[in-house]
Amino acid sequence: MSAPRYAVSFNVIDTEKQDWARGWAALNKYTEREAHARVPYGHKEGAHPLGQRMAEQRRT
(Lines give C-alpha, C1' and ligand atoms only; values in the text may rest on other atoms or scores of the structure.)
Protein backbone atom coordinates (compact mmCIF):
# COMPACT_ATOMS: atom_id res chain seq x y z
CA MET A 1 0.00 0.00 0.00
CA SER A 2 1.44 3.39 -0.99
CA ALA A 3 1.37 6.56 1.08
CA PRO A 4 -1.45 9.01 0.38
CA ARG A 5 -0.64 11.81 -2.04
CA TYR A 6 -1.39 15.42 -1.25
CA ALA A 7 -1.76 18.26 -3.68
CA VAL A 8 0.82 20.96 -3.13
CA SER A 9 0.70 24.31 -4.86
CA PHE A 10 3.23 27.09 -4.96
CA ASN A 11 2.79 30.78 -5.61
CA VAL A 12 6.01 31.90 -7.28
CA ILE A 13 6.74 35.60 -7.04
CA ASP A 14 9.11 37.01 -9.61
CA THR A 15 10.83 39.56 -7.39
CA GLU A 16 13.49 40.37 -10.00
CA LYS A 17 10.81 41.37 -12.50
CA GLN A 18 8.96 43.42 -9.88
CA ASP A 19 12.19 45.16 -8.84
CA TRP A 20 12.97 45.98 -12.47
CA ALA A 21 9.47 47.42 -12.95
CA ARG A 22 9.82 49.58 -9.81
CA GLY A 23 13.18 50.88 -11.01
CA TRP A 24 11.81 51.66 -14.47
CA ALA A 25 8.84 53.52 -12.96
CA ALA A 26 11.17 55.50 -10.68
CA LEU A 27 13.40 56.43 -13.64
CA ASN A 28 10.39 57.54 -15.68
CA LYS A 29 9.19 59.72 -12.80
CA TYR A 30 12.67 61.25 -12.45
CA THR A 31 13.09 61.94 -16.18
CA GLU A 32 9.65 63.53 -16.47
CA ARG A 33 10.50 65.91 -13.64
CA GLU A 34 14.18 66.62 -14.47
CA ALA A 35 14.10 66.25 -18.29
CA HIS A 36 17.23 64.02 -18.24
CA ALA A 37 18.34 60.63 -16.99
CA ARG A 38 21.69 61.62 -15.47
CA VAL A 39 20.72 60.54 -11.96
CA PRO A 40 23.26 61.49 -9.25
CA TYR A 41 24.63 58.45 -7.40
CA GLY A 42 23.12 59.37 -4.03
CA HIS A 43 19.64 60.20 -5.34
CA LYS A 44 16.61 58.29 -4.05
CA GLU A 45 13.23 58.41 -5.73
CA GLY A 46 11.00 57.81 -2.72
CA ALA A 47 12.57 54.82 -0.97
CA HIS A 48 14.11 53.52 -4.22
CA PRO A 49 17.91 54.08 -4.49
CA LEU A 50 17.65 55.23 -8.10
CA GLY A 51 21.16 56.71 -8.33
CA GLN A 52 22.79 53.47 -7.21
CA ARG A 53 20.59 51.46 -9.56
CA MET A 54 21.52 53.63 -12.54
CA ALA A 55 25.24 53.39 -11.68
CA GLU A 56 24.91 49.60 -11.62
CA GLN A 57 23.11 49.65 -14.97
CA ARG A 58 25.92 51.74 -16.47
CA ARG A 59 28.56 49.32 -15.14
CA THR A 60 26.66 46.38 -16.61
# chains A, B, ... in the order shown; residues from 1 in each chain; ligands from 1
>>> residues_around(residues="stretch 39-47 of chain A", least_positions_apart="3", cutoff="9 Å", atoms="only C-alpha atoms", output="list in words")
Ala26, Leu27, Lys29, Tyr30, Thr31, His36, Leu50, Gly51, Gln52, Arg53, Met54 and Ala55 of chain A
>>> select_by_dssp(residues="chain A", states="helix (DSSP H, G or I)", output="JSON, numbers by chain")
{"A": [15, 16, 17, 18, 19, 20, 21, 22, 23, 24, 25, 26, 27, 28, 29, 30, 31, 32, 33, 34, 50, 51, 52, 53, 54, 55, 56, 57, 58, 59]}
>>> write_last_selection(atoms="N, CA and C atoms", output="short mmCIF file (atom, residue, chain, number, x, y, z; two decimals), in the first residue's frame")
data_model
loop_
_atom_site.label_atom_id
_atom_site.label_comp_id
_atom_site.auth_asym_id
_atom_site.auth_seq_id
_atom_site.Cartn_x
_atom_site.Cartn_y
_atom_site.Cartn_z
N THR A 15 10.39 38.32 -8.03
CA THR A 15 10.83 39.56 -7.39
C THR A 15 11.78 40.35 -8.27
N GLU A 16 12.57 39.66 -9.10
CA GLU A 16 13.49 40.37 -10.00
C GLU A 16 12.71 41.21 -11.01
N LYS A 17 11.64 40.64 -11.53
CA LYS A 17 10.81 41.37 -12.50
C LYS A 17 10.11 42.55 -11.83
N GLN A 18 9.62 42.34 -10.61
CA GLN A 18 8.96 43.42 -9.88
C GLN A 18 9.95 44.54 -9.55
N ASP A 19 11.17 44.16 -9.16
CA ASP A 19 12.19 45.16 -8.84
C ASP A 19 12.55 45.96 -10.08
N TRP A 20 12.67 45.28 -11.21
CA TRP A 20 12.97 45.98 -12.47
C TRP A 20 11.86 46.96 -12.80
N ALA A 21 10.61 46.55 -12.64
CA ALA A 21 9.47 47.42 -12.95
C ALA A 21 9.45 48.64 -12.02
N ARG A 22 9.76 48.45 -10.74
CA ARG A 22 9.82 49.58 -9.81
C ARG A 22 10.92 50.55 -10.19
N GLY A 23 12.07 50.03 -10.58
CA GLY A 23 13.18 50.88 -11.01
C GLY A 23 12.85 51.65 -12.27
N TRP A 24 12.20 51.00 -13.22
CA TRP A 24 11.81 51.66 -14.47
C TRP A 24 10.80 52.78 -14.19
N ALA A 25 9.84 52.50 -13.31
CA ALA A 25 8.84 53.52 -12.96
C ALA A 25 9.51 54.71 -12.26
N ALA A 26 10.46 54.43 -11.38
CA ALA A 26 11.17 55.50 -10.68
C ALA A 26 11.98 56.34 -11.67
N LEU A 27 12.63 55.70 -12.64
CA LEU A 27 13.40 56.43 -13.64
C LEU A 27 12.48 57.29 -14.50
N ASN A 28 11.34 56.76 -14.89
CA ASN A 28 10.39 57.54 -15.68
C ASN A 28 9.91 58.77 -14.91
N LYS A 29 9.63 58.60 -13.64
CA LYS A 29 9.19 59.72 -12.80
C LYS A 29 10.29 60.78 -12.73
N TYR A 30 11.53 60.33 -12.54
CA TYR A 30 12.67 61.25 -12.45
C TYR A 30 12.85 62.01 -13.76
N THR A 31 12.84 61.29 -14.89
CA THR A 31 13.09 61.94 -16.18
C THR A 31 11.97 62.90 -16.57
N GLU A 32 10.74 62.59 -16.19
CA GLU A 32 9.65 63.53 -16.47
C GLU A 32 9.84 64.84 -15.71
N ARG A 33 10.31 64.74 -14.48
CA ARG A 33 10.50 65.91 -13.64
C ARG A 33 11.76 66.68 -14.01
N GLU A 34 12.87 65.98 -14.26
CA GLU A 34 14.18 66.62 -14.47
C GLU A 34 14.56 66.81 -15.93
N LEU A 50 17.57 55.12 -6.65
CA LEU A 50 17.65 55.23 -8.10
C LEU A 50 19.07 55.52 -8.60
N GLY A 51 19.80 56.39 -7.92
CA GLY A 51 21.16 56.71 -8.33
C GLY A 51 22.07 55.49 -8.33
N GLN A 52 21.99 54.69 -7.29
CA GLN A 52 22.79 53.47 -7.21
C GLN A 52 22.38 52.48 -8.30
N ARG A 53 21.09 52.37 -8.54
CA ARG A 53 20.59 51.46 -9.56
C ARG A 53 21.11 51.86 -10.93
N MET A 54 21.07 53.16 -11.24
CA MET A 54 21.52 53.63 -12.54
C MET A 54 23.03 53.43 -12.69
N ALA A 55 23.79 53.64 -11.63
CA ALA A 55 25.24 53.39 -11.68
C ALA A 55 25.52 51.92 -11.97
N GLU A 56 24.75 51.04 -11.37
CA GLU A 56 24.91 49.60 -11.62
C GLU A 56 24.55 49.26 -13.06
N GLN A 57 23.50 49.88 -13.57
CA GLN A 57 23.11 49.65 -14.97
C GLN A 57 24.21 50.12 -15.93
N ARG A 58 24.83 51.24 -15.61
CA ARG A 58 25.92 51.74 -16.47
C ARG A 58 27.11 50.80 -16.45
N ARG A 59 27.44 50.27 -15.26
CA ARG A 59 28.56 49.32 -15.14
C ARG A 59 28.28 48.06 -15.94
#
